[in-house]
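Text of the file start24.cif, holding mmCIF, C-alpha atoms:
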```cif
data_start
#
loop_
_atom_site.label_atom_id
_atom_site.label_comp_id
_atom_site.auth_asym_id
_atom_site.auth_seq_id
_atom_site.Cartn_x
_atom_site.Cartn_y
_atom_site.Cartn_z
CA MET Y 1 -111.36 14.08 -81.17
CA GLY Y 2 -111.74 11.24 -83.67
CA PHE Y 3 -113.01 7.73 -82.94
CA TRP Y 4 -109.57 6.08 -82.87
CA ASP Y 5 -108.21 8.87 -80.67
CA ARG Y 6 -111.05 8.28 -78.21
CA MET Y 7 -110.35 4.51 -78.30
CA LYS Y 8 -106.65 5.05 -77.55
CA ALA Y 9 -107.52 7.44 -74.75
CA ALA Y 10 -109.94 4.88 -73.26
CA VAL Y 11 -107.30 2.15 -73.37
CA GLY Y 12 -104.80 4.41 -71.65
CA ARG Y 13 -107.12 5.40 -68.80
CA GLU Y 14 -106.81 4.21 -65.23
CA PRO Y 15 -108.61 0.94 -64.46
CA ARG Y 16 -112.31 1.37 -63.89
CA LYS Y 17 -113.52 1.23 -60.30
CA GLY Y 18 -116.51 -0.98 -61.09
CA THR Y 19 -120.20 -0.61 -60.43
CA GLY Y 20 -120.16 -1.57 -56.77
CA LEU Y 21 -122.21 -4.71 -57.40
CA GLU Y 22 -119.07 -6.84 -57.38
CA LEU Y 23 -118.35 -5.85 -53.79
CA ALA Y 24 -121.40 -7.44 -52.22
CA ARG Y 25 -120.31 -11.06 -51.89
CA TRP Y 26 -116.64 -11.50 -52.67
CA GLN Y 27 -114.76 -9.69 -49.95
CA GLN Y 28 -113.88 -12.83 -47.95
CA ALA Y 29 -114.17 -15.89 -50.24
CA PRO Y 30 -112.65 -18.64 -48.07
CA PRO Y 31 -111.80 -21.98 -49.68
CA ARG Y 32 -114.78 -24.00 -50.80
CA ARG Y 33 -115.99 -26.71 -48.51
CA GLY Y 34 -114.31 -29.91 -49.59
CA THR Y 35 -111.24 -28.32 -51.22
CA ALA Y 36 -108.80 -30.07 -48.91
CA GLN Y 37 -110.69 -33.36 -49.33
CA LEU Y 38 -110.50 -33.14 -53.13
CA LEU Y 39 -106.76 -32.54 -52.99
CA ALA Y 40 -106.44 -35.56 -50.70
CA ALA Y 41 -108.61 -37.61 -53.08
CA TYR Y 42 -105.92 -37.25 -55.73
CA ARG Y 43 -103.63 -39.12 -53.37
CA GLU Y 44 -106.19 -41.70 -52.21
CA MET Y 45 -108.45 -42.48 -55.20
CA PRO Y 46 -106.51 -44.29 -57.95
CA TRP Y 47 -109.05 -43.83 -60.74
CA LEU Y 48 -109.45 -40.10 -60.13
CA ARG Y 49 -105.69 -39.72 -60.10
CA ALA Y 50 -105.33 -41.72 -63.31
CA CYS Y 51 -107.76 -39.47 -65.22
CA VAL Y 52 -106.39 -36.23 -63.77
CA ASP Y 53 -102.79 -37.33 -64.41
CA VAL Y 54 -103.48 -38.19 -68.05
CA VAL Y 55 -104.82 -34.71 -68.76
CA ALA Y 56 -102.22 -32.89 -66.66
CA ASP Y 57 -99.32 -34.81 -68.25
CA SER Y 58 -100.61 -34.01 -71.74
CA VAL Y 59 -100.79 -30.30 -70.87
CA ALA Y 60 -97.37 -30.27 -69.22
CA GLY Y 61 -95.78 -31.88 -72.28
CA VAL Y 62 -96.74 -29.10 -74.71
CA GLN Y 63 -93.90 -26.81 -75.88
CA TRP Y 64 -94.39 -23.05 -75.42
CA ARG Y 65 -93.25 -20.54 -78.06
CA VAL Y 66 -93.18 -16.75 -78.37
CA TYR Y 67 -93.53 -14.70 -81.55
CA ARG Y 68 -93.29 -11.01 -82.21
CA ARG Y 69 -94.81 -9.22 -85.17
CA VAL Y 70 -92.61 -6.67 -86.92
CA GLN Y 71 -93.13 -4.02 -89.56
CA LYS Y 72 -90.84 -3.44 -92.51
CA ASP Y 73 -88.82 -0.95 -90.50
CA GLY Y 74 -88.27 -3.58 -87.79
CA GLN Y 75 -90.45 -1.94 -85.13
CA PRO Y 76 -92.67 -4.21 -82.95
CA VAL Y 77 -96.43 -4.11 -83.47
CA LYS Y 78 -99.15 -4.85 -80.93
CA ASP Y 79 -101.62 -7.20 -82.62
CA TYR Y 80 -104.47 -7.59 -80.13
CA ALA Y 81 -106.66 -9.54 -82.58
CA LEU Y 82 -103.92 -12.13 -83.13
CA ARG Y 83 -103.23 -12.51 -79.43
CA SER Y 84 -106.90 -13.28 -78.71
CA ALA Y 85 -107.60 -15.37 -81.83
CA SER Y 86 -108.57 -19.02 -81.67
CA ARG Y 87 -105.92 -21.70 -82.04
CA GLU Y 88 -106.72 -22.45 -85.70
CA VAL Y 89 -106.87 -18.81 -86.76
CA ARG Y 90 -103.76 -17.88 -84.80
CA ALA Y 91 -101.73 -20.80 -86.20
CA GLY Y 92 -102.71 -19.96 -89.78
CA ARG Y 93 -101.91 -16.28 -89.47
CA LEU Y 94 -98.60 -16.89 -87.70
CA LYS Y 95 -97.50 -19.35 -90.36
CA ALA Y 96 -98.34 -16.91 -93.14
CA MET Y 97 -96.59 -14.00 -91.38
CA LEU Y 98 -93.48 -16.07 -90.66
CA GLU Y 99 -93.21 -17.04 -94.31
CA ALA Y 100 -93.72 -13.41 -95.36
CA GLY Y 101 -91.18 -12.09 -92.86
CA GLU Y 102 -93.86 -10.14 -90.96
CA ALA Y 103 -93.26 -12.04 -87.70
CA GLN Y 104 -90.32 -13.68 -85.99
CA GLU Y 105 -89.92 -16.28 -83.28
CA VAL Y 106 -88.30 -15.17 -80.02
CA PRO Y 107 -86.68 -18.33 -78.55
CA ASP Y 108 -84.98 -16.48 -75.67
CA HIS Y 109 -88.02 -14.54 -74.42
CA PRO Y 110 -88.10 -14.06 -70.61
CA VAL Y 111 -91.56 -15.65 -70.34
CA LEU Y 112 -90.16 -18.90 -71.75
CA LYS Y 113 -87.48 -18.99 -69.07
CA LEU Y 114 -90.13 -18.16 -66.48
CA LEU Y 115 -92.33 -21.07 -67.58
CA SER Y 116 -89.49 -23.58 -67.98
CA ASP Y 117 -87.57 -22.69 -64.80
CA PRO Y 118 -90.02 -21.11 -62.33
CA ASN Y 119 -87.95 -21.61 -59.15
CA ASP Y 120 -84.95 -23.41 -57.67
CA HIS Y 121 -86.88 -26.46 -56.45
CA LEU Y 122 -89.46 -27.28 -59.14
CA THR Y 123 -89.17 -27.65 -62.90
CA GLY Y 124 -91.48 -25.90 -65.32
CA ARG Y 125 -93.07 -29.19 -66.37
CA SER Y 126 -93.84 -30.22 -62.79
CA VAL Y 127 -95.34 -26.81 -61.98
CA THR Y 128 -97.47 -26.81 -65.13
CA LYS Y 129 -98.74 -30.29 -64.27
CA LEU Y 130 -99.46 -29.24 -60.68
CA VAL Y 131 -101.35 -26.15 -61.87
CA GLN Y 132 -103.49 -28.32 -64.15
CA VAL Y 133 -104.11 -30.83 -61.35
CA TYR Y 134 -105.34 -27.96 -59.15
CA LEU Y 135 -107.59 -26.66 -61.92
CA ASP Y 136 -109.14 -30.06 -62.62
CA LEU Y 137 -109.64 -30.91 -58.96
CA VAL Y 138 -110.80 -27.65 -57.35
CA GLY Y 139 -110.97 -25.26 -60.30
CA GLU Y 140 -108.29 -22.77 -59.27
CA ALA Y 141 -104.54 -22.40 -58.87
CA PHE Y 142 -102.42 -19.73 -57.20
CA LEU Y 143 -98.91 -18.74 -58.34
CA VAL Y 144 -96.95 -16.36 -56.11
CA LEU Y 145 -94.47 -14.30 -58.14
CA GLU Y 146 -90.83 -13.89 -57.19
CA ARG Y 147 -89.40 -10.53 -58.29
CA VAL Y 148 -85.94 -9.06 -58.70
CA GLY Y 149 -85.90 -5.32 -59.18
CA GLY Y 150 -89.65 -5.37 -59.69
CA VAL Y 151 -89.41 -7.83 -62.62
CA PRO Y 152 -90.86 -11.36 -62.22
CA VAL Y 153 -88.11 -13.98 -62.36
CA GLY Y 154 -90.03 -16.97 -60.99
CA PHE Y 155 -93.16 -18.15 -59.25
CA TRP Y 156 -94.26 -20.68 -56.63
CA PRO Y 157 -97.46 -22.74 -56.63
CA VAL Y 158 -99.59 -22.49 -53.50
CA PRO Y 159 -102.23 -25.13 -52.60
CA PRO Y 160 -105.72 -23.60 -52.98
CA SER Y 161 -106.73 -24.96 -49.57
CA THR Y 162 -104.14 -22.69 -47.89
CA VAL Y 163 -105.42 -19.48 -49.51
CA THR Y 164 -107.97 -18.58 -46.87
CA ARG Y 165 -109.00 -15.14 -48.12
CA LEU Y 166 -109.18 -13.38 -51.48
CA PRO Y 167 -108.51 -9.65 -51.81
CA ALA Y 168 -111.31 -7.29 -50.89
CA LEU Y 169 -112.55 -5.38 -53.92
CA ASP Y 170 -113.66 -2.29 -52.00
CA VAL Y 171 -110.11 -1.10 -51.29
CA PRO Y 172 -107.53 0.45 -53.65
CA ARG Y 173 -105.60 -2.01 -55.81
CA GLU Y 174 -102.32 -1.42 -54.02
CA GLN Y 175 -103.96 -2.43 -50.70
CA ARG Y 176 -105.51 -5.69 -51.89
CA MET Y 177 -104.06 -8.79 -50.25
CA TYR Y 178 -104.32 -12.57 -50.40
CA THR Y 179 -104.20 -14.40 -47.08
CA VAL Y 180 -102.24 -17.67 -47.05
CA THR Y 181 -102.54 -19.80 -43.91
CA VAL Y 182 -100.42 -22.87 -43.20
CA GLY Y 183 -101.18 -24.34 -39.79
CA LYS Y 184 -101.30 -21.44 -37.35
CA VAL Y 185 -99.14 -19.14 -39.48
CA SER Y 186 -100.82 -16.60 -41.78
CA ARG Y 187 -99.17 -14.33 -44.31
CA GLU Y 188 -100.53 -11.45 -46.35
CA ILE Y 189 -99.36 -11.39 -49.99
CA PRO Y 190 -100.04 -8.38 -52.26
CA ALA Y 191 -102.52 -9.14 -55.02
CA SER Y 192 -100.04 -7.80 -57.59
CA ASP Y 193 -97.72 -10.70 -56.73
CA VAL Y 194 -100.30 -13.47 -57.19
CA LEU Y 195 -101.65 -15.06 -60.36
CA HIS Y 196 -105.08 -16.46 -59.56
CA LEU Y 197 -106.06 -18.89 -62.33
CA ARG Y 198 -109.72 -19.91 -62.15
CA ASN Y 199 -112.37 -21.92 -63.92
CA LEU Y 200 -115.19 -19.47 -63.30
CA ASP Y 201 -118.19 -20.45 -61.23
CA PRO Y 202 -121.35 -19.05 -62.94
CA GLU Y 203 -122.91 -18.39 -59.55
CA ASP Y 204 -119.82 -16.65 -58.20
CA PRO Y 205 -117.71 -15.33 -61.11
CA LEU Y 206 -115.50 -13.08 -58.96
CA GLY Y 207 -114.97 -15.66 -56.23
CA ARG Y 208 -113.30 -19.03 -56.04
CA GLY Y 209 -112.93 -21.35 -59.03
CA ILE Y 210 -114.88 -24.53 -59.64
CA GLY Y 211 -113.44 -27.75 -61.09
CA PRO Y 212 -114.99 -30.83 -62.71
CA ALA Y 213 -114.11 -32.97 -59.68
CA TYR Y 214 -116.72 -31.04 -57.66
CA ALA Y 215 -119.44 -32.31 -59.98
CA LEU Y 216 -118.20 -35.88 -59.43
CA GLY Y 217 -118.57 -35.78 -55.65
CA ASP Y 218 -121.31 -38.42 -55.38
CA GLU Y 219 -119.73 -40.71 -57.98
CA LEU Y 220 -116.32 -40.55 -56.33
CA ASP Y 221 -117.82 -41.22 -52.90
CA THR Y 222 -119.83 -44.17 -54.21
CA ASP Y 223 -116.82 -45.78 -55.83
CA GLU Y 224 -114.79 -45.26 -52.67
CA TYR Y 225 -117.53 -46.81 -50.51
CA VAL Y 226 -117.77 -49.82 -52.83
CA ALA Y 227 -114.00 -50.33 -52.59
CA ARG Y 228 -114.13 -50.11 -48.79
CA PHE Y 229 -117.10 -52.48 -48.68
CA LEU Y 230 -115.20 -55.05 -50.72
CA LYS Y 231 -112.21 -54.67 -48.44
CA THR Y 232 -114.19 -55.06 -45.22
CA SER Y 233 -116.08 -58.00 -46.69
CA PHE Y 234 -112.91 -60.06 -46.41
CA TRP Y 235 -113.04 -59.40 -42.67
CA ASN Y 236 -116.59 -60.83 -42.69
CA ASN Y 237 -118.13 -57.73 -41.09
CA MET Y 238 -118.45 -59.79 -37.88
CA LEU Y 239 -121.13 -61.92 -39.63
CA PRO Y 240 -120.73 -65.46 -40.93
CA PRO Y 241 -121.85 -66.00 -44.53
CA ALA Y 242 -124.38 -68.66 -43.43
CA ILE Y 243 -125.91 -70.42 -40.43
CA ALA Y 244 -126.48 -74.18 -40.31
CA SER Y 245 -128.82 -75.77 -37.78
CA ILE Y 246 -128.67 -79.59 -37.30
CA GLU Y 247 -131.64 -81.27 -35.66
CA GLY Y 248 -130.76 -83.04 -32.42
CA LEU Y 249 -127.49 -81.09 -31.93
CA SER Y 250 -127.62 -79.11 -28.68
CA ASP Y 251 -123.97 -78.05 -28.31
CA ALA Y 252 -122.07 -76.33 -31.13
CA ASN Y 253 -118.79 -77.60 -29.63
CA SER Y 254 -119.85 -81.20 -29.27
CA ALA Y 255 -118.07 -84.07 -30.98
CA GLY Y 256 -120.82 -84.28 -33.60
CA ALA Y 257 -120.48 -80.57 -34.46
CA ARG Y 258 -116.70 -80.82 -34.70
CA THR Y 259 -117.01 -83.85 -36.94
CA PHE Y 260 -119.43 -81.95 -39.20
CA LYS Y 261 -117.11 -78.93 -39.47
CA GLU Y 262 -114.10 -81.12 -40.15
CA SER Y 263 -116.05 -82.88 -42.86
CA LEU Y 264 -116.94 -79.52 -44.44
CA ALA Y 265 -113.30 -78.40 -44.38
CA ARG Y 266 -112.09 -81.69 -45.79
CA GLU Y 267 -114.66 -82.05 -48.54
CA HIS Y 268 -115.36 -78.46 -49.57
CA GLN Y 269 -112.44 -76.19 -48.63
CA GLY Y 270 -110.24 -75.09 -51.52
CA PRO Y 271 -110.81 -73.77 -55.04
CA ASP Y 272 -110.78 -77.26 -56.60
CA LYS Y 273 -113.75 -78.31 -54.46
CA ALA Y 274 -115.99 -75.32 -55.11
CA GLY Y 275 -119.57 -76.29 -55.95
CA LYS Y 276 -119.18 -79.84 -54.65
CA LEU Y 277 -122.43 -81.49 -53.47
CA LEU Y 278 -122.89 -81.97 -49.71
CA ILE Y 279 -124.82 -85.00 -48.45
CA THR Y 280 -125.52 -85.42 -44.73
CA SER Y 281 -127.85 -87.43 -42.54
CA GLY Y 282 -130.61 -85.89 -40.49
CA LYS Y 283 -132.51 -82.66 -40.92
CA VAL Y 284 -130.37 -79.62 -41.67
CA THR Y 285 -131.65 -76.03 -41.86
CA PHE Y 286 -129.42 -73.64 -43.85
CA ALA Y 287 -129.85 -69.83 -43.96
CA ARG Y 288 -127.61 -67.52 -45.98
CA LEU Y 289 -126.91 -64.14 -44.36
CA ASP Y 290 -124.76 -62.37 -46.91
CA THR Y 291 -125.42 -61.22 -50.47
CA SER Y 292 -122.96 -62.32 -53.11
CA PHE Y 293 -120.94 -59.76 -55.00
CA LYS Y 294 -122.46 -61.12 -58.18
CA ASP Y 295 -125.98 -60.42 -56.96
CA MET Y 296 -125.06 -56.88 -55.95
CA GLN Y 297 -123.41 -56.27 -59.37
CA LEU Y 298 -120.53 -54.42 -57.73
CA VAL Y 299 -118.22 -55.03 -60.68
CA GLU Y 300 -120.73 -53.48 -63.09
CA LEU Y 301 -121.30 -50.58 -60.69
CA ARG Y 302 -117.59 -49.81 -60.39
CA ARG Y 303 -117.12 -50.08 -64.13
CA PHE Y 304 -119.98 -47.61 -64.71
CA LEU Y 305 -118.58 -45.16 -62.16
CA MET Y 306 -115.08 -45.40 -63.63
CA ASP Y 307 -116.39 -44.75 -67.14
CA PHE Y 308 -118.43 -41.81 -65.85
CA VAL Y 309 -115.39 -40.20 -64.22
CA ARG Y 310 -113.27 -40.84 -67.31
CA MET Y 311 -115.83 -39.27 -69.66
CA THR Y 312 -116.20 -36.24 -67.40
CA PHE Y 313 -112.51 -35.51 -67.94
CA ARG Y 314 -112.88 -36.32 -71.67
CA VAL Y 315 -110.32 -39.12 -71.57
CA PRO Y 316 -110.75 -41.93 -74.16
CA PRO Y 317 -110.65 -45.48 -72.75
CA GLU Y 318 -107.48 -46.47 -74.64
CA ILE Y 319 -105.52 -43.68 -72.96
CA VAL Y 320 -106.07 -45.22 -69.51
CA GLY Y 321 -105.31 -48.75 -70.65
CA ASP Y 322 -108.80 -50.04 -71.53
CA ILE Y 323 -108.21 -51.91 -74.81
CA SER Y 324 -111.12 -54.33 -74.48
CA SER Y 325 -112.68 -53.02 -77.70
CA SER Y 326 -109.70 -51.28 -79.25
CA ASN Y 327 -107.69 -51.61 -82.43
CA LYS Y 328 -104.95 -49.63 -84.14
CA ALA Y 329 -107.37 -47.11 -85.64
CA THR Y 330 -109.22 -46.43 -82.39
CA ALA Y 331 -105.95 -46.24 -80.45
CA PHE Y 332 -104.66 -43.48 -82.73
CA ALA Y 333 -108.06 -41.73 -82.69
CA ALA Y 334 -107.91 -41.80 -78.88
CA ARG Y 335 -104.71 -39.74 -78.95
CA GLU Y 336 -106.37 -37.22 -81.27
CA ASN Y 337 -109.50 -37.04 -79.12
CA LEU Y 338 -107.49 -36.47 -75.95
CA ALA Y 339 -105.52 -33.67 -77.62
CA GLU Y 340 -108.54 -31.98 -79.19
CA GLN Y 341 -111.09 -32.42 -76.40
CA ALA Y 342 -108.94 -32.21 -73.27
CA THR Y 343 -105.49 -30.76 -73.95
CA LEU Y 344 -106.30 -27.94 -76.38
CA PRO Y 345 -109.05 -26.26 -74.29
CA ARG Y 346 -106.83 -26.31 -71.22
CA MET Y 347 -103.82 -24.99 -73.14
CA GLU Y 348 -105.90 -22.16 -74.55
CA PHE Y 349 -107.01 -21.27 -71.02
CA LEU Y 350 -103.42 -21.17 -69.74
CA ARG Y 351 -102.18 -19.33 -72.83
CA THR Y 352 -104.80 -16.63 -72.45
CA GLU Y 353 -104.07 -16.17 -68.74
CA TYR Y 354 -100.29 -16.01 -69.22
CA GLN Y 355 -100.63 -13.74 -72.26
CA MET Y 356 -102.74 -11.23 -70.37
CA ARG Y 357 -100.94 -11.37 -67.03
CA LEU Y 358 -97.31 -12.39 -67.48
CA MET Y 359 -96.59 -10.48 -70.68
CA SER Y 360 -97.79 -7.21 -69.18
CA LEU Y 361 -95.70 -7.80 -66.03
CA LEU Y 362 -92.65 -8.42 -68.24
CA GLY Y 363 -93.33 -5.20 -70.18
CA ASP Y 364 -93.76 -6.89 -73.55
CA GLU Y 365 -97.44 -6.76 -74.47
CA GLY Y 366 -96.58 -6.89 -78.17
CA ALA Y 367 -95.23 -10.44 -77.94
CA ILE Y 368 -97.56 -13.34 -78.81
CA LEU Y 369 -97.46 -16.41 -76.59
CA ASP Y 370 -98.24 -19.64 -78.43
CA TYR Y 371 -97.53 -23.37 -78.26
CA ASP Y 372 -96.95 -26.35 -80.52
CA SER Y 373 -100.10 -28.22 -81.44
CA PRO Y 374 -100.58 -31.28 -79.19
CA VAL Y 375 -102.63 -33.04 -81.90
CA PRO Y 376 -100.48 -35.87 -83.36
CA ALA Y 377 -99.82 -35.84 -87.08
CA ASP Y 378 -101.86 -38.34 -89.08
CA ARG Y 379 -99.02 -40.04 -90.96
CA GLU Y 380 -101.33 -42.52 -92.66
CA HIS Y 381 -103.33 -39.65 -94.15
CA GLN Y 382 -100.10 -37.98 -95.30
CA LEU Y 383 -98.95 -41.23 -96.89
CA ARG Y 384 -102.25 -41.65 -98.75
CA VAL Y 385 -102.07 -38.09 -100.08
CA MET Y 386 -98.43 -38.40 -101.13
CA GLY Y 387 -99.06 -41.81 -102.68
CA THR Y 388 -101.79 -40.37 -104.91
CA MET Y 389 -99.21 -38.29 -106.80
CA PRO Y 390 -95.68 -39.23 -105.65
CA GLU Y 391 -93.94 -37.00 -108.17
CA ALA Y 392 -95.48 -33.91 -106.55
CA PHE Y 393 -93.27 -34.35 -103.47
CA SER Y 394 -89.50 -34.13 -103.19
CA TYR Y 395 -87.14 -36.86 -102.03
CA ASP Y 396 -86.50 -34.90 -98.83
CA GLU Y 397 -90.24 -34.83 -98.04
CA TRP Y 398 -90.53 -38.57 -98.58
CA ARG Y 399 -87.52 -39.26 -96.37
CA GLU Y 400 -88.81 -36.93 -93.67
CA LEU Y 401 -92.12 -38.84 -93.58
CA ALA Y 402 -90.13 -42.07 -93.18
CA GLY Y 403 -88.19 -40.54 -90.28
CA LEU Y 404 -84.90 -40.32 -92.19
CA ARG Y 405 -82.48 -37.47 -92.78
CA PRO Y 406 -82.10 -35.89 -96.24
CA ASP Y 407 -79.75 -37.74 -98.59
CA PRO Y 408 -77.39 -35.42 -100.53
CA SER Y 409 -77.35 -37.87 -103.41
CA ARG Y 410 -81.14 -37.80 -103.66
CA GLN Y 411 -82.32 -34.28 -104.40
CA GLY Y 412 -85.24 -32.82 -106.30
CA TYR Y 413 -88.38 -34.69 -107.34
CA PRO Y 414 -88.91 -38.26 -108.55
CA LEU Y 415 -89.06 -38.92 -112.30
CA PRO Y 416 -92.49 -38.92 -113.98
CA LEU Y 417 -94.40 -42.15 -114.09
CA PRO Y 418 -94.36 -44.14 -117.37
CA GLY Y 419 -96.54 -42.46 -119.96
CA GLN Y 420 -96.25 -39.00 -118.36
CA SER Y 421 -94.27 -36.11 -119.76
CA PRO Y 422 -92.47 -33.56 -117.55
CA LEU Y 423 -95.02 -30.96 -118.71
CA GLU Y 424 -97.89 -33.12 -117.44
CA VAL Y 425 -96.15 -33.53 -114.10
CA GLU Y 426 -95.60 -29.79 -113.74
CA GLY Y 427 -99.21 -29.13 -114.70
#
```
The structure given in the file should be rewritten as C-alpha cells.
Amino acid sequence: MGFWDRMKAAVGREPRKGTGLELARWQQAPPRRGTAQLLAAYREMPWLRACVDVVADSVAGVQWRVYRRVQKDGQPVKDYALRSASREVRAGRLKAMLEAGEAQEVPDHPVLKLLSDPNDHLTGRSVTKLVQVYLDLVGEAFLVLERVGGVPVGFWPVPPSTVTRLPALDVPREQRMYTVTVGKVSREIPASDVLHLRNLDPEDPLGRGIGPAYALGDELDTDEYVARFLKTSFWNNMLPPAIASIEGLSDANSAGARTFKESLAREHQGPDKAGKLLITSGKVTFARLDTSFKDMQLVELRRFLMDFVRMTFRVPPEIVGDISSSNKATAFAARENLAEQATLPRMEFLRTEYQMRLMSLLGDEGAILDYDSPVPADREHQLRVMGTMPEAFSYDEWRELAGLRPDPSRQGYPLPLPGQSPLEVEG
C-alpha cells in the first residue's frame, strides 16, 4: 500500500480511543468557582460590561460567507489546507480562485441559515454576541443542537453555570452526556447534540474553558470596592468628618453650642462659601477623622483599573468614548486596532470551531466557511494612491470611492494629463 493510500485509510478509521491519560481528571468537571459571579458581574459592573460589549458587538456584526471549491468538471473538492489556512492566506487564495472560476460562493448554504436564524426566540446576531460574552467572561459557551430528521436546524445557548458536568471520557462516545441543572431540575443531553466552545486552560486542556475575566478578578473586585466605598461615604459611615472641642462648653446641646453650629451653617454651608475662613473666640480644638478622596487618589486608582481592564480586552480608548487625547487619525486607527487585535482572533476561533463541527454535522465537509474582513477600509490611503496616477483608474472606481453609483455617461478612464501621450499612460 502506498503512502497516500495509507493516509486515506488512516483518515477513514474509527476515532482513536486515546492513551488513557486524558481520563484521570476530566470525568466530572463542574463549573469553575466564580462562574456564576462572573456572569452576574456583566450585569453589575458597568466598565466590564462596556469592554465585553464592544468586543462582542464587533464579532456579532461580521458577515458569514460560504465557498465551495470546484474542479473543471464541476465536482466539489475537499481542500483541507484552505479550510485551516490563516485569514490572510485564505482570503488571497479564495479571491484568486473566484476570479479563475475554481471556487464559487454558496449564499444559500444551510450553515448560513443556522447561524443567522438559530431558533424561534433569538436572532443569529444576539446568539453570536451572547456566545462571545460567555467566552470573554468565563472562557466557554455551550450550544445545544436542535435536529429534524437527524440534521441540525437550530441551536440554543446554555449558560455555562448551568452545565454541571462534562461527559466522561472513559465511556463509549454514544453514551457520553452533558448534565444541565437549572434549580432542582437536571437533564442529561447527549454529547453529540452539544457544541462546547472553549478557550483552553493550559492546566486543564480537556476540562472547562478559561476567559480573560478570570485573570481580572482582583482588579474587578478592587474597582467594585472603591465604587461601594464612595457610595457609602455619602452616608458618612456613621462617623462625622471632624470633631470640634470648645473650651468651657460642657453641654453639646447648650445655647452656646447651638449658636456655634448655626453660625457654621450660616457662614460656611453651600458651594459658594467653600474655603471661607472661620474666626471664633476662645480655644477650639479641631480633629479631622476622615481622609479626603483627593488624598486617597481614588480617581487615579479607578482610572488605572479601568485602563487595565480595557487593555486586557484589547479595546482602544476611543472605542469606549475616551477622547481625551484623540484626533481623527487616532480615532480611525482605534477602529483598525479593535478589528485586528480583538475581532479577528475571536472570529478565527469561531470560524474554526464551526468549520470543524457544524460542517461535518451538515454533511458538507468540502465547503469553506469564511467571513468578511472586519478591518475598515483605509479610504485616505486609497485616495492618496489613486491621486498619484488618476488616469490609471476608471471613472466607476473614482465614483465608487466617493460613495456614488456609476454614471452611464462617464465610462472608461480619464484623459491623459497635459504633456502625456496615450502610449505613456498605457505604459
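The nearest approach to Trp47 (chain Y) among the residues Y:Arg266, Y:Tyr134, Y:Thr352, Y:Glu224, with only C-alpha atoms taken into account, belongs to Y:Glu224.
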Using all atoms listed in the file, find all polymer residues with an atom at most 12 Å away from the point (-94.7, -31.1, -63.3); report them as a PDB file with C-alpha atoms, in the coordinates of the input.
```
ATOM      1  CA  ASP Y  53    -102.790 -37.330 -64.410  1.00  0.00           C
ATOM      2  CA  ALA Y  56    -102.220 -32.890 -66.660  1.00  0.00           C
ATOM      3  CA  ASP Y  57     -99.320 -34.810 -68.250  1.00  0.00           C
ATOM      4  CA  SER Y  58    -100.610 -34.010 -71.740  1.00  0.00           C
ATOM      5  CA  VAL Y  59    -100.790 -30.300 -70.870  1.00  0.00           C
ATOM      6  CA  ALA Y  60     -97.370 -30.270 -69.220  1.00  0.00           C
ATOM      7  CA  GLY Y  61     -95.780 -31.880 -72.280  1.00  0.00           C
ATOM      8  CA  VAL Y  62     -96.740 -29.100 -74.710  1.00  0.00           C
ATOM      9  CA  LEU Y 115     -92.330 -21.070 -67.580  1.00  0.00           C
ATOM     10  CA  SER Y 116     -89.490 -23.580 -67.980  1.00  0.00           C
ATOM     11  CA  ASP Y 117     -87.570 -22.690 -64.800  1.00  0.00           C
ATOM     12  CA  PRO Y 118     -90.020 -21.110 -62.330  1.00  0.00           C
ATOM     13  CA  HIS Y 121     -86.880 -26.460 -56.450  1.00  0.00           C
ATOM     14  CA  LEU Y 122     -89.460 -27.280 -59.140  1.00  0.00           C
ATOM     15  CA  THR Y 123     -89.170 -27.650 -62.900  1.00  0.00           C
ATOM     16  CA  GLY Y 124     -91.480 -25.900 -65.320  1.00  0.00           C
ATOM     17  CA  ARG Y 125     -93.070 -29.190 -66.370  1.00  0.00           C
ATOM     18  CA  SER Y 126     -93.840 -30.220 -62.790  1.00  0.00           C
ATOM     19  CA  VAL Y 127     -95.340 -26.810 -61.980  1.00  0.00           C
ATOM     20  CA  THR Y 128     -97.470 -26.810 -65.130  1.00  0.00           C
ATOM     21  CA  LYS Y 129     -98.740 -30.290 -64.270  1.00  0.00           C
ATOM     22  CA  LEU Y 130     -99.460 -29.240 -60.680  1.00  0.00           C
ATOM     23  CA  VAL Y 131    -101.350 -26.150 -61.870  1.00  0.00           C
ATOM     24  CA  GLN Y 132    -103.490 -28.320 -64.150  1.00  0.00           C
ATOM     25  CA  VAL Y 133    -104.110 -30.830 -61.350  1.00  0.00           C
ATOM     26  CA  TYR Y 134    -105.340 -27.960 -59.150  1.00  0.00           C
ATOM     27  CA  PRO Y 157     -97.460 -22.740 -56.630  1.00  0.00           C
TER      28      PRO Y 157
END
```
Problem - Selection under test: the PyMOL selection byres ((chain Y and resi 324-341) around 10); residues as a ChimeraX atom specification - result: /Y:54-55,58-59,313-319,321-323,342-347,373-378
Exercise for the section: Could you please determine the separation between CA of Val153 (chain Y) and CA of Gln355 (chain Y) in Å, to one decimal place? Expected result: 16.0 Å
Exercise for the section: Please identify all polymer residues lying at most 6 Å from the point (-93.2, -17.9, -85.6) (file coordinates), using all atoms listed in the file, and present the result as a VMD selection string. Expected result: chain Y and resid 67 94 98 104 to 105
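The space between CA of Pro408 (chain Y) and CA of Ala392 (chain Y) spans 19.1 Å.
Close contacts of Pro30 (chain Y), defined as residues with an atom at most 10 Å away when counting only C-alpha atoms, with chain neighbours fewer than 2 positions off set aside, comprise Trp26, Gln27, Gln28, Arg32, Arg33, Pro160, Ser161, Thr162, Val163, Thr164, Arg165, Leu166, Thr179, Gly207 and Arg208 of chain Y.
In this comparison, which uses only C-alpha atoms, the residue of Y:Tyr371, Y:Tyr354, Y:Tyr413, Y:Tyr395 approaching Arg87 (chain Y) most closely is Y:Tyr371.
The space between CA of Gly154 (chain Y) and CA of Lys113 (chain Y) spans 8.7 Å.
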Completion exercise
One residue among Y:Pro212, Y:Pro31, Y:Gly139, Y:Pro390 is nearest to Met311 (chain Y) when using only C-alpha atoms, and that residue is Y:Pro212
Practice task
Taking the file above as input, evaluate the PyMOL selection byres ((chain Y and resi 178) around 12) and report the hits as a ChimeraX atom specification.
Solution key: /Y:27-30,142-144,158,160,162-169,173-177,179-181,186-196
Exercise for the section: Using the chain letters and residue numbers of this document, give as an NGL selection string the residues selected by the PyMOL selection byres ((chain Y and resi 86) around 12). Expected result: :Y and (81-85 or 87-94 or 344-345 or 347-349 or 351-352 or 370)
